[in-house]
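A.B. asks: My file is structure-v7.txt. It has compact mmCIF, C-alpha atoms and all ligand atoms:
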# COMPACT_ATOMS: atom_id res chain seq x y z
CA MET R 290 8.74 -1.58 4.48
CA ARG R 291 4.95 -1.61 4.71
CA THR R 292 3.02 -0.75 1.52
CA ILE R 293 0.18 0.76 3.53
CA GLU R 294 0.15 2.17 7.06
CA TRP R 295 -1.98 4.12 9.45
CA VAL R 296 -0.38 7.37 10.70
CA PRO R 297 -1.80 7.91 14.21
CA GLU R 298 -0.44 11.45 14.65
CA LYS R 299 -2.42 12.60 11.60
CA ASN R 300 -5.31 10.12 11.60
CA ILE R 301 -4.71 9.30 7.97
CA VAL R 302 -3.62 6.29 5.94
CA LYS R 303 -0.53 6.45 3.75
CA MET R 304 0.39 4.26 0.80
CA ILE R 305 3.35 4.00 -1.49
CA ASP R 306 2.29 5.12 -4.98
CA GLN R 307 2.86 2.00 -7.09
CA ARG R 308 2.12 3.85 -10.32
CA VAL R 309 5.46 5.66 -10.26
CA LEU R 310 7.75 2.85 -9.10
CA PRO R 311 10.57 2.03 -9.73
CA HIS R 312 11.48 5.57 -10.81
CA GLU R 313 10.11 7.38 -7.76
CA GLU R 314 9.40 6.31 -4.20
CA SER R 315 6.53 8.57 -3.37
CA TRP R 316 3.96 8.26 -0.56
CA LEU R 317 0.38 9.50 -0.71
CA GLU R 318 -1.80 10.34 2.28
CA PHE R 319 -5.57 9.80 2.49
CA ASP R 320 -8.16 11.17 4.89
CA ASP R 321 -11.24 10.40 2.79
CA SER R 322 -12.69 6.94 2.10
CA ARG R 323 -13.80 7.96 -1.43
CA GLU R 324 -10.21 8.86 -2.27
CA VAL R 325 -9.10 5.44 -1.04
CA ALA R 326 -11.64 3.85 -3.41
CA GLU R 327 -10.22 5.97 -6.22
CA ALA R 328 -6.66 4.93 -5.27
CA ILE R 329 -7.69 1.26 -5.52
CA ARG R 330 -9.42 1.81 -8.86
CA GLY R 331 -6.47 3.79 -10.26
CA MET R 332 -3.93 1.25 -8.94
CA VAL R 333 -2.01 3.51 -6.59
CA ILE R 334 -2.35 0.37 -4.49
CA ARG R 335 -2.91 -3.04 -6.10
CA GLY R 336 -2.59 -6.75 -5.44
CA ALA R 337 -5.41 -8.70 -3.81
CA PRO R 338 -4.36 -8.63 -0.11
CA ALA R 339 -3.20 -4.99 -0.30
CA ILE R 340 -6.52 -3.74 -1.64
CA GLY R 341 -8.36 -5.68 1.10
CA VAL R 342 -6.31 -3.82 3.70
CA ALA R 343 -6.73 -0.48 1.89
CA ALA R 344 -10.51 -0.99 1.91
CA ALA R 345 -10.41 -1.75 5.66
CA PHE R 346 -8.58 1.52 6.35
CA GLY R 347 -11.02 3.25 3.98
CA MET R 348 -13.79 2.15 6.36
CA VAL R 349 -11.87 3.63 9.31
CA LEU R 350 -11.72 6.95 7.45
CA ALA R 351 -15.44 6.72 6.66
CA ALA R 352 -16.16 6.27 10.37
CA GLN R 353 -14.04 9.31 11.15
CA GLN R 354 -15.72 11.39 8.47
CA SER R 355 -19.23 10.42 9.59
CA ARG R 356 -21.24 13.13 11.34
CA ALA R 357 -23.56 10.46 12.84
CA SER R 358 -24.90 10.92 16.33
CA THR R 359 -26.30 7.39 16.74
CA HIS R 360 -24.92 3.93 16.01
CA ASP R 361 -27.62 3.34 13.42
CA ASP R 362 -26.58 6.48 11.55
CA LEU R 363 -22.92 5.48 11.75
CA LEU R 364 -23.79 2.05 10.32
CA ARG R 365 -25.72 3.71 7.49
CA ASP R 366 -22.68 5.88 6.62
CA LEU R 367 -20.39 2.84 6.79
CA ARG R 368 -22.67 0.87 4.47
CA ALA R 369 -22.52 3.71 1.94
CA ALA R 370 -18.69 3.77 2.16
CA HIS R 371 -18.64 -0.03 1.87
CA ASP R 372 -20.56 0.17 -1.42
CA VAL R 373 -18.20 2.76 -2.91
CA LEU R 374 -15.08 0.82 -1.89
CA TYR R 375 -16.58 -2.49 -3.04
CA ALA R 376 -17.19 -1.08 -6.51
CA ALA R 377 -13.56 0.00 -6.92
CA ARG R 378 -12.35 -3.27 -8.50
CA PRO R 379 -14.44 -6.38 -9.16
CA THR R 380 -12.14 -9.41 -9.23
CA ALA R 381 -10.01 -9.76 -6.08
CA VAL R 382 -12.22 -11.21 -3.35
CA ASN R 383 -9.96 -9.85 -0.61
CA LEU R 384 -11.66 -6.49 -1.15
CA ARG R 385 -15.04 -7.98 -0.21
CA TRP R 386 -13.43 -9.99 2.59
CA GLY R 387 -11.82 -6.91 4.21
CA LEU R 388 -15.01 -4.87 3.90
CA GLU R 389 -17.20 -7.62 5.37
CA ARG R 390 -14.84 -8.01 8.28
CA MET R 391 -15.06 -4.28 8.99
CA MET R 392 -18.87 -4.27 8.70
CA GLN R 393 -19.07 -7.22 11.11
CA CYS R 394 -16.86 -5.36 13.55
CA ALA R 395 -19.05 -2.23 13.28
CA SER R 396 -22.32 -4.13 13.63
CA HIS R 397 -21.53 -5.73 17.03
CA LEU R 398 -24.33 -4.92 19.45
CA THR R 399 -22.74 -2.41 21.74
CA THR R 400 -23.29 0.16 24.44
CA GLU R 401 -20.05 1.98 23.68
CA THR R 402 -19.79 5.57 22.46
CA LEU R 403 -19.35 6.36 18.78
CA ASP R 404 -15.73 7.31 19.39
CA GLU R 405 -15.15 3.94 21.03
CA THR R 406 -16.66 2.25 17.95
CA ARG R 407 -14.35 4.31 15.73
CA ALA R 408 -11.36 3.23 17.82
CA ARG R 409 -12.49 -0.41 17.60
CA LEU R 410 -12.70 -0.16 13.80
CA LEU R 411 -9.18 1.23 13.67
CA ARG R 412 -7.91 -1.64 15.82
CA GLU R 413 -9.63 -4.14 13.51
CA ALA R 414 -8.05 -2.62 10.37
CA GLN R 415 -4.64 -2.64 12.03
CA ARG R 416 -5.19 -6.25 13.05
CA ILE R 417 -6.03 -7.17 9.44
CA ALA R 418 -2.80 -5.46 8.30
CA ASP R 419 -0.63 -7.14 10.97
CA GLU R 420 -2.18 -10.55 10.32
CA ASP R 421 -1.48 -10.16 6.61
CA VAL R 422 2.27 -9.88 7.25
CA GLN R 423 2.32 -12.85 9.64
CA ILE R 424 0.23 -14.98 7.26
CA ASN R 425 2.53 -14.16 4.35
CA GLN R 426 5.59 -15.16 6.34
CA THR R 427 3.88 -18.40 7.29
CA MET R 428 3.01 -19.14 3.65
CA GLY R 429 6.63 -18.33 2.85
CA ALA R 430 7.85 -20.94 5.35
CA HIS R 431 5.47 -23.57 3.95
CA GLY R 432 6.24 -22.78 0.32
CA ALA R 433 10.02 -22.68 0.78
CA ARG R 434 9.89 -26.34 1.85
CA LEU R 435 8.56 -27.29 -1.58
CA LEU R 436 11.48 -25.72 -3.45
CA PRO R 437 14.71 -27.67 -4.02
CA ARG R 438 18.02 -26.34 -2.62
CA GLN R 439 18.83 -24.88 -6.02
CA ALA R 440 15.84 -23.72 -8.00
CA ASN R 441 14.94 -21.67 -11.02
CA VAL R 442 11.49 -20.29 -10.42
CA LEU R 443 9.21 -18.53 -12.87
CA HIS R 444 7.00 -15.77 -11.44
CA HIS R 445 4.18 -13.70 -12.93
CA CYS R 446 2.89 -10.20 -12.07
CA ASN R 447 3.81 -8.75 -8.67
CA THR R 448 2.96 -10.67 -5.53
CA GLY R 449 5.52 -9.16 -3.19
CA GLY R 450 5.38 -6.79 -0.26
CA LEU R 451 3.79 -4.27 -2.61
CA ALA R 452 0.82 -6.53 -3.40
CA THR R 453 0.29 -7.21 0.32
CA VAL R 454 1.19 -5.23 3.43
CA ASP R 455 4.67 -6.77 3.54
CA TRP R 456 6.59 -9.91 2.52
CA GLY R 457 4.24 -11.13 -0.21
CA THR R 458 2.56 -14.36 -1.32
CA ALA R 459 4.34 -16.13 -4.22
CA LEU R 460 7.21 -13.67 -3.99
CA GLY R 461 7.13 -14.17 -0.22
CA VAL R 462 7.86 -17.88 -0.77
CA ILE R 463 10.82 -16.88 -2.95
CA ARG R 464 12.01 -14.45 -0.27
CA SER R 465 11.72 -17.04 2.51
CA ALA R 466 13.60 -19.66 0.47
CA HIS R 467 16.33 -17.13 -0.37
CA GLU R 468 16.67 -16.11 3.29
CA GLN R 469 16.98 -19.79 4.27
CA GLY R 470 20.05 -19.92 2.03
CA LYS R 471 18.51 -21.77 -0.89
CA GLY R 472 19.97 -20.90 -4.29
CA ILE R 473 16.94 -19.34 -5.90
CA HIS R 474 17.00 -17.64 -9.27
CA VAL R 475 13.80 -16.06 -10.60
CA PHE R 476 12.62 -15.61 -14.18
CA VAL R 477 10.49 -12.50 -13.85
CA ASP R 478 7.67 -12.18 -16.40
CA GLU R 479 7.41 -8.50 -17.33
CA THR R 480 3.58 -8.93 -17.22
CA ARG R 481 2.02 -6.93 -19.99
CA PRO R 482 0.15 -4.66 -20.19
CA ARG R 483 0.84 -2.84 -16.89
CA LEU R 484 4.28 -4.37 -16.41
CA GLN R 485 3.95 -5.19 -12.72
CA GLY R 486 6.76 -7.73 -13.16
CA ALA R 487 9.24 -5.37 -14.79
CA ARG R 488 8.41 -2.36 -12.66
CA LEU R 489 7.58 -3.83 -9.25
CA THR R 490 8.79 -7.43 -8.93
CA ALA R 491 12.23 -6.68 -10.38
CA TRP R 492 12.51 -3.71 -7.98
CA GLU R 493 11.61 -5.82 -4.95
CA LEU R 494 13.84 -8.78 -5.86
CA MET R 495 16.80 -6.47 -6.44
CA GLN R 496 16.26 -4.91 -3.01
CA TRP R 497 16.20 -8.36 -1.42
CA GLY R 498 19.31 -9.45 -3.34
CA VAL R 499 17.56 -12.37 -5.06
CA PRO R 500 19.19 -13.29 -8.40
CA MET R 501 16.75 -12.72 -11.25
CA THR R 502 16.34 -12.41 -14.98
CA LEU R 503 13.63 -10.20 -16.45
CA ILE R 504 11.97 -11.80 -19.47
CA ALA R 505 9.29 -10.81 -21.96
CA ASP R 506 6.11 -12.76 -21.18
CA ASN R 507 6.43 -14.55 -24.51
CA ALA R 508 9.79 -16.05 -23.47
CA ALA R 509 8.39 -18.11 -20.58
CA GLY R 510 7.57 -21.17 -22.72
CA TYR R 511 11.06 -21.14 -24.23
CA TYR R 512 12.72 -21.41 -20.81
CA MET R 513 10.25 -24.04 -19.60
CA LEU R 514 10.68 -26.33 -22.59
CA ASN R 515 14.48 -25.89 -22.33
CA GLY R 516 14.39 -27.45 -18.85
CA GLN R 517 15.47 -24.20 -17.20
CA VAL R 518 12.46 -23.81 -14.86
CA ASP R 519 11.92 -25.99 -11.77
CA ALA R 520 8.65 -24.46 -10.56
CA VAL R 521 6.13 -21.76 -11.47
CA LEU R 522 4.86 -19.63 -8.57
CA VAL R 523 1.94 -17.23 -8.89
CA GLY R 524 -0.51 -15.45 -6.57
CA ALA R 525 -4.29 -15.33 -6.86
CA ASP R 526 -7.05 -12.75 -6.86
CA ARG R 527 -9.82 -15.25 -6.21
CA ILE R 528 -9.95 -19.03 -5.87
CA ALA R 529 -13.30 -20.72 -6.48
CA ALA R 530 -14.57 -23.66 -4.40
CA ASN R 531 -13.34 -26.16 -7.03
CA GLY R 532 -9.81 -24.67 -7.06
CA ASP R 533 -10.16 -22.70 -10.32
CA THR R 534 -7.91 -19.71 -9.82
CA VAL R 535 -8.28 -16.22 -11.19
CA ASN R 536 -5.01 -14.30 -11.36
CA LYS R 537 -3.25 -11.76 -13.55
CA ILE R 538 -3.85 -12.16 -17.27
CA GLY R 539 -1.35 -14.63 -18.72
CA THR R 540 -1.41 -17.00 -15.75
CA TYR R 541 -3.49 -19.61 -17.60
CA LYS R 542 -0.99 -19.77 -20.48
CA LEU R 543 1.84 -20.34 -17.98
CA ALA R 544 -0.08 -23.13 -16.23
CA ALA R 545 -0.86 -24.89 -19.50
CA THR R 546 2.76 -24.62 -20.63
CA ALA R 547 4.05 -25.82 -17.25
CA LYS R 548 1.77 -28.88 -17.49
CA ASP R 549 3.18 -29.70 -20.91
CA SER R 550 6.73 -29.63 -19.50
CA ASN R 551 5.84 -31.43 -16.23
CA ILE R 552 6.80 -28.41 -14.14
CA PRO R 553 4.97 -27.97 -10.80
CA PHE R 554 2.59 -25.02 -10.87
CA TYR R 555 1.96 -23.52 -7.42
CA VAL R 556 -0.63 -20.90 -6.47
CA VAL R 557 0.31 -19.06 -3.26
CA ALA R 558 -2.60 -17.33 -1.54
CA PRO R 559 -4.02 -16.75 1.94
CA THR R 560 -7.35 -18.36 2.85
CA SER R 561 -8.93 -14.88 2.54
CA THR R 562 -8.51 -15.29 -1.25
CA ILE R 563 -10.57 -18.50 -1.31
CA ASP R 564 -14.21 -17.77 -2.14
CA LEU R 565 -16.36 -20.80 -1.36
CA ARG R 566 -19.45 -18.83 -2.38
CA THR R 567 -18.18 -19.06 -5.96
CA LEU R 568 -18.33 -22.61 -7.21
CA THR R 569 -16.18 -22.38 -10.35
CA GLY R 570 -13.87 -19.88 -12.00
CA LYS R 571 -16.46 -19.08 -14.68
CA GLU R 572 -18.56 -17.24 -12.07
CA ILE R 573 -15.76 -14.83 -11.12
CA PRO R 574 -16.13 -11.32 -12.59
CA ILE R 575 -13.14 -10.44 -14.76
CA GLU R 576 -12.19 -6.78 -14.79
CA GLU R 577 -11.87 -5.19 -18.25
CA ARG R 578 -9.47 -2.24 -18.04
CA ASP R 579 -8.69 0.86 -20.08
CA PRO R 580 -7.52 0.08 -23.66
CA ARG R 581 -4.78 2.67 -23.20
CA GLU R 582 -2.93 0.21 -20.93
CA VAL R 583 -2.37 -1.91 -24.08
CA THR R 584 -1.82 0.85 -26.64
CA HIS R 585 0.24 3.19 -24.41
CA PRO R 586 2.58 1.02 -22.27
CA ASP R 587 3.97 2.87 -19.26
CA ASP R 588 1.70 5.80 -20.23
CA ASP R 589 4.00 6.81 -23.08
CA PRO R 590 1.90 9.50 -24.84
CA ARG R 591 3.06 8.35 -28.32
CA GLY R 592 1.64 4.84 -27.90
CA ILE R 593 2.52 1.78 -29.98
CA ALA R 594 -0.60 1.11 -32.05
CA PRO R 595 -2.51 2.90 -34.77
CA GLU R 596 -4.97 5.49 -33.46
CA GLY R 597 -8.49 4.06 -32.97
CA VAL R 598 -7.48 0.36 -32.99
CA GLN R 599 -9.93 -2.01 -31.24
CA VAL R 600 -8.44 -3.40 -28.02
CA GLY R 601 -9.35 -6.15 -25.53
CA ASN R 602 -7.84 -5.74 -22.07
CA PRO R 603 -9.03 -8.34 -19.54
CA ALA R 604 -6.94 -7.84 -16.39
CA PHE R 605 -7.24 -11.45 -15.21
CA ASP R 606 -7.79 -14.97 -16.52
CA ILE R 607 -9.01 -18.27 -15.10
CA THR R 608 -6.59 -21.14 -14.55
CA PRO R 609 -8.61 -24.39 -14.39
CA HIS R 610 -7.95 -26.39 -11.20
CA ARG R 611 -6.68 -29.40 -13.23
CA LEU R 612 -3.52 -27.39 -14.09
CA ILE R 613 -2.64 -26.54 -10.47
CA THR R 614 -0.22 -28.76 -8.54
CA ALA R 615 -0.99 -27.24 -5.13
CA ILE R 616 -2.43 -24.12 -3.51
CA ILE R 617 -0.06 -22.95 -0.77
CA THR R 618 -1.93 -21.24 2.07
CA GLU R 619 -0.95 -20.18 5.60
CA TYR R 620 -2.01 -23.72 6.66
CA GLY R 621 0.36 -25.37 4.19
CA PRO R 622 -0.03 -26.75 0.68
CA ILE R 623 -3.48 -27.98 -0.33
CA TYR R 624 -3.60 -30.64 -3.03
CA PRO R 625 -6.37 -31.81 -5.40
CA PRO R 626 -9.19 -32.71 -5.34
CA PHE R 627 -9.69 -29.07 -4.33
CA ASP R 628 -13.49 -29.36 -4.16
CA GLU R 629 -12.85 -31.59 -1.12
CA THR R 630 -9.63 -30.16 0.33
CA LEU R 631 -10.30 -26.39 0.37
CA LEU R 632 -13.36 -26.41 2.64
CA PRO R 633 -11.68 -27.81 5.81
CA VAL R 634 -8.87 -25.27 5.55
CA VAL R 635 -11.27 -22.34 5.17
CA GLU R 636 -13.24 -23.66 8.16
CA ARG R 637 -10.05 -23.91 10.18
CA ALA R 638 -9.18 -20.30 9.31
CA ALA R 639 -12.65 -19.14 10.41
CA ALA R 640 -12.33 -21.04 13.71
CA ASP R 641 -8.86 -19.58 14.34
CA ARG R 642 -10.17 -16.08 13.67
CA ARG R 643 -13.04 -16.56 16.13
CA ALA R 644 -10.50 -17.72 18.71
CA GLY R 645 -8.19 -14.76 17.92
CA ARG R 646 -5.40 -17.11 16.74
CA VAL R 647 -3.11 -16.43 13.78
CA VAL R 648 -0.71 -19.05 12.44
CA SER R 649 2.96 -18.10 12.41
CA PRO R 650 6.21 -19.31 10.79
CA GLU R 651 7.15 -20.93 14.14
CA ASP R 652 4.14 -23.25 13.77
CA VAL R 653 5.68 -24.46 10.49
CA LEU R 654 9.01 -25.20 12.20
CA HIS R 655 7.25 -27.37 14.78
CA GLU R 656 5.24 -29.38 12.25
O1 LIG R 701 -4.12 -5.91 -11.33
P1 LIG R 701 -3.26 -6.19 -10.12
O2 LIG R 701 -1.86 -5.68 -10.25
O3 LIG R 701 -3.94 -5.79 -8.84
O4 LIG R 701 -3.16 -7.78 -10.11
C1 LIG R 701 -2.45 -8.41 -9.09
C2 LIG R 701 -2.35 -9.86 -9.28
O5 LIG R 701 -2.91 -10.44 -10.18
C3 LIG R 701 -1.60 -10.63 -8.25
O6 LIG R 701 -0.96 -11.72 -8.82
C4 LIG R 701 -2.60 -11.11 -7.19
O7 LIG R 701 -3.29 -10.04 -6.64
C5 LIG R 701 -1.95 -11.87 -6.10
S1 LIG R 701 -0.83 -10.82 -5.25
C6 LIG R 701 -0.56 -11.19 -3.73
Could the structure of this file be written out as structure tokens, please?

C.D. replies:
Amino acid sequence: MRTIEWVPEKNIVKMIDQRVLPHEESWLEFDDSREVAEAIRGMVIRGAPAIGVAAAFGMVLAAQQSRASTHDDLLRDLRAAHDVLYAARPTAVNLRWGLERMMQCASHLTTETLDETRARLLREAQRIADEDVQINQTMGAHGARLLPRQANVLHHCNTGGLATVDWGTALGVIRSAHEQGKGIHVFVDETRPRLQGARLTAWELMQWGVPMTLIADNAAGYYMLNGQVDAVLVGADRIAANGDTVNKIGTYKLAATAKDSNIPFYVVAPTSTIDLRTLTGKEIPIEERDPREVTHPDDDPRGIAPEGVQVGNPAFDITPHRLITAIITEYGPIYPPFDETLLPVVERAAADRRAGRVVSPEDVLHE
């Protein structure tokens, strides 16, 4: 199942509404780029790679909506849509990455008609979506190699097909290892306050038939110290040039606890999540979300806290690079020192993109 898809018969983009899972499987349709921005902000769609793809399709809709009669006017309308989509959520760099790729595609010097440019933008967004699936499956093949034949894995937030177009990043590694016949069991952090683990990850793992145990976030340290966890796998929203990794709030605590128990801590993310323009994690903007997410879990109108209580709700935290064992990308695991090892991989990804090449799980088999 794809989380987000273009519907050619209707010229719209459809997305599964992640706010109502696992109770309802409901799909929403969008024909307006501003509504796509609102869907990203309101977390109809979420997860770093998925919002990059949503933004790319948002740009396709903006091109369709544009009344421009010249390329310059079309570019002006696309820039305006870019700014609205870019402002939807601040932390995941994939949003910027997807938008920049679409702007580059639109800005090519061209003699084609406006409708041909619109068609080219649609092809580019579809390419970004297709590549995402292939890249996730390749990361899955690389990551599965790092897991023992029998493994208890701890996972935070949701990094599955829902957080991407399909397959997933950290959860994609778990899926690949499971499909290879490895005996994987997952401790699923519920992931307060929005409960992406309980609502989304548990739903996906149950569909894939992967054995799992849902735990309160606070229980993770107990299982780690007890020797019941062989590896921690998480995704990333943005990785700085020195390897500092911003991911769902609570990730840092897991990494620190894993270090104390000598458990490998793996970040699984495509190269599009690596932001070499940001030197350290401290420079990454951390989204502060609605206090109601903390006081009213699952939107229960009664809430759990006294009326008017002061709340802090950072959606992400920074895991310092020194706590990370390896960053698993579509080019394989990258090890410290990350300030030296990330750059060549990002350069390789850029060269492959220029050459129209995308790595695949078969490449991993032949390594
Ligand atoms: O606030 P969310 O649900 O968008 O946060 C998602 C995460 O933090 C994921 O772990 C991250 O995007 C990597 S998912 C492939």

A.B. asks: Grab me every residue within 6 Å of ligand LIG 701 (chain R), counting all atoms listed in the file, and send it over as a short mmCIF file (atom, residue, chain, number, x, y, z; two decimals) with C-alpha atoms, in the frame of the given file.

C.D. replies:
data_model
loop_
_atom_site.label_atom_id
_atom_site.label_comp_id
_atom_site.auth_asym_id
_atom_site.auth_seq_id
_atom_site.Cartn_x
_atom_site.Cartn_y
_atom_site.Cartn_z
CA ARG R 335 -2.91 -3.04 -6.10
CA GLY R 336 -2.59 -6.75 -5.44
CA ALA R 337 -5.41 -8.70 -3.81
CA PRO R 338 -4.36 -8.63 -0.11
CA CYS R 446 2.89 -10.20 -12.07
CA ASN R 447 3.81 -8.75 -8.67
CA THR R 448 2.96 -10.67 -5.53
CA ALA R 452 0.82 -6.53 -3.40
CA THR R 453 0.29 -7.21 0.32
CA GLY R 457 4.24 -11.13 -0.21
CA THR R 458 2.56 -14.36 -1.32
CA GLY R 524 -0.51 -15.45 -6.57
CA ALA R 525 -4.29 -15.33 -6.86
CA ASP R 526 -7.05 -12.75 -6.86
CA ASN R 536 -5.01 -14.30 -11.36
CA LYS R 537 -3.25 -11.76 -13.55
#

A.B. asks: When you look at region 550-555 of chain R with a cut-off of 7 Å (counting all atoms listed in the file), what residues show up, excluding the ones that are within fewer than 5 positions of it in the same chain? I need them as a list in words.

C.D. replies: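 Returned residues: Met513, Leu514, Asp519, Ala520, Val521, Leu522, Val523, Ala544, Ile613, Thr614, Ala615, Ile616 and Ile617 of chain R.
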
A.B. asks: With 6 Å of padding per side, what axis-aligned box (centre and edge lengths, Å, one decimal) covers all the listed atoms of region 496-510 of chain R? Give it as JSON.

C.D. replies:
{"center_x": 12.7, "center_y": -13.0, "center_z": -13.0, "size_x": 25.2, "size_y": 28.3, "size_z": 35.1}

A.B. asks: Just to confirm, what's the straight-line distance from CA of Val647 (chain R) to CA of Gln426 (chain R) in Å (one decimal)?

C.D. replies: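 Result for CA of Val647 (chain R) versus CA of Gln426 (chain R): 11.5 Å, one decimal.
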
A.B. asks: With only C-alpha atoms as the atoms that count, which of R:Leu317, R:Val583, R:Leu435, R:Ala352 lies nearest to Pro482 (chain R)?

C.D. replies: R:Val583

A.B. asks: Would you compute the distance between CA of Arg330 (chain R) and CA of Leu374 (chain R)? Give it in Å to one decimal.

C.D. replies: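 Straight-line distance from CA of Arg330 (chain R) to CA of Leu374 (chain R) works out to 9.0 Å.
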
A.B. asks: Hey, what's within 10 Å of Trp492 (chain R) if we count all atoms listed in the file and toss same-chain stuff fewer than 4 positions away? As a list in words, please?

C.D. replies: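 The filter keeps Leu310, Pro311, His312, Gln485, Gly486, Ala487, Arg488, Gln496 and Trp497 of chain R.
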
A.B. asks: Kindly export the residues of the current selection with C-alpha atoms, as a JSON list (two decimals), keeping the file's coordinate frame.

C.D. replies:
[["chain", "number", "residue", "atom", "x", "y", "z"],
["R", 310, "LEU", "CA", 7.75, 2.85, -9.10],
["R", 311, "PRO", "CA", 10.57, 2.03, -9.73],
["R", 312, "HIS", "CA", 11.48, 5.57, -10.81],
["R", 485, "GLN", "CA", 3.95, -5.19, -12.72],
["R", 486, "GLY", "CA", 6.76, -7.73, -13.16],
["R", 487, "ALA", "CA", 9.24, -5.37, -14.79],
["R", 488, "ARG", "CA", 8.41, -2.36, -12.66],
["R", 496, "GLN", "CA", 16.26, -4.91, -3.01],
["R", 497, "TRP", "CA", 16.20, -8.36, -1.42]]

A.B. asks: Can you tell me which residues surround Phe319 (chain R) at a distance of at most 12 Å, considering only C-alpha atoms, apart from same-chain residues fewer than 6 positions away, and format the answer as a ChimeraX atom specification?

C.D. replies: /R:293-296,299-306,325-329,333,343-344,346-351,354

A.B. asks: Between CA of Val600 (chain R) and CA of Tyr511 (chain R), what distance in Å does the model show, to one decimal?

C.D. replies: 26.6 Å

A.B. asks: Residues at most 10 Å from Thr584 (chain R), counting only C-alpha atoms, excluding those fewer than 3 positions away in the same chain, as JSON, numbers by chain?

C.D. replies: {"R": [482, 579, 580, 581, 587, 588, 589, 590, 591, 592, 593, 594, 595, 596, 597, 598, 599, 600]}

A.B. asks: At a cut-off of 7 Å, using all atoms listed in the file, what residues contact Met391 (chain R)? Leave out same-chain residues fewer than 3 positions from it and give the result as a VMD selection string.

C.D. replies: chain R and resid 345 387 to 388 394 to 395 410

A.B. asks: I need the residues from that last selection saved to file as a PDB file, in the frame of the given file (with C-alpha atoms), if you can.

C.D. replies:
ATOM      1  CA  ALA R 345     -10.410  -1.750   5.660  1.00  0.00           C
ATOM      2  CA  GLY R 387     -11.820  -6.910   4.210  1.00  0.00           C
ATOM      3  CA  LEU R 388     -15.010  -4.870   3.900  1.00  0.00           C
ATOM      4  CA  CYS R 394     -16.860  -5.360  13.550  1.00  0.00           C
ATOM      5  CA  ALA R 395     -19.050  -2.230  13.280  1.00  0.00           C
ATOM      6  CA  LEU R 410     -12.700  -0.160  13.800  1.00  0.00           C
TER       7      LEU R 410
END

A.B. asks: Could you check which of R:Val382, R:Ala547, R:Leu363, R:Ala376 is closest to Arg407 (chain R), using all atoms listed in the file?

C.D. replies: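 For Arg407 (chain R), the nearest of the given residues is R:Leu363.
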
A.B. asks: Of the residues R:Leu543, R:Ala430, R:Leu632, R:Ile575, which is the one nearest to Thr608 (chain R), using only C-alpha atoms?

C.D. replies: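 Of all the options, R:Leu543 lies closest to Thr608 (chain R).
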
A.B. asks: Which protein, DNA or RNA residues are at most 7 Å from (15.4, -20.3, -11.8) in the file's coordinates when you count only C-alpha atoms, listed as an MDAnalysis selection string?

C.D. replies: chainID R and resid 440:443 473:476 517:519

A.B. asks: Please dump the current selection as a PDB file, keeping the file's coordinate frame; keep C-alpha atoms.

C.D. replies:
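Contents of out_13.pdb, as written:
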ATOM      1  CA  ALA R 440      15.840 -23.720  -8.000  1.00  0.00           C
ATOM      2  CA  ASN R 441      14.940 -21.670 -11.020  1.00  0.00           C
ATOM      3  CA  VAL R 442      11.490 -20.290 -10.420  1.00  0.00           C
ATOM      4  CA  LEU R 443       9.210 -18.530 -12.870  1.00  0.00           C
ATOM      5  CA  ILE R 473      16.940 -19.340  -5.900  1.00  0.00           C
ATOM      6  CA  HIS R 474      17.000 -17.640  -9.270  1.00  0.00           C
ATOM      7  CA  VAL R 475      13.800 -16.060 -10.600  1.00  0.00           C
ATOM      8  CA  PHE R 476      12.620 -15.610 -14.180  1.00  0.00           C
ATOM      9  CA  GLN R 517      15.470 -24.200 -17.200  1.00  0.00           C
ATOM     10  CA  VAL R 518      12.460 -23.810 -14.860  1.00  0.00           C
ATOM     11  CA  ASP R 519      11.920 -25.990 -11.770  1.00  0.00           C
TER      12      ASP R 519
END

A.B. asks: Find, counting all atoms listed in the file, the residue in R:Asp455, R:Gly498, R:Glu493, R:Asp506 that gets nearest to Gly470 (chain R).

C.D. replies: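 Smallest separation from Gly470 (chain R) among the options: R:Gly498.
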
A.B. asks: Please determine, counting only C-alpha atoms, which residue among R:His445, R:Arg368, R:His655, R:Arg483 has the shortest atom-to-atom distance to Pro603 (chain R).

C.D. replies: R:Arg483

A.B. asks: Restricting the calculation to all atoms listed in the file, which member of R:Ile573, R:Leu503, R:Met290, R:Leu367 is positioned closest to Pro379 (chain R)?

C.D. replies: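 Residue with the minimum atom-to-atom distance to Pro379 (chain R): R:Ile573.
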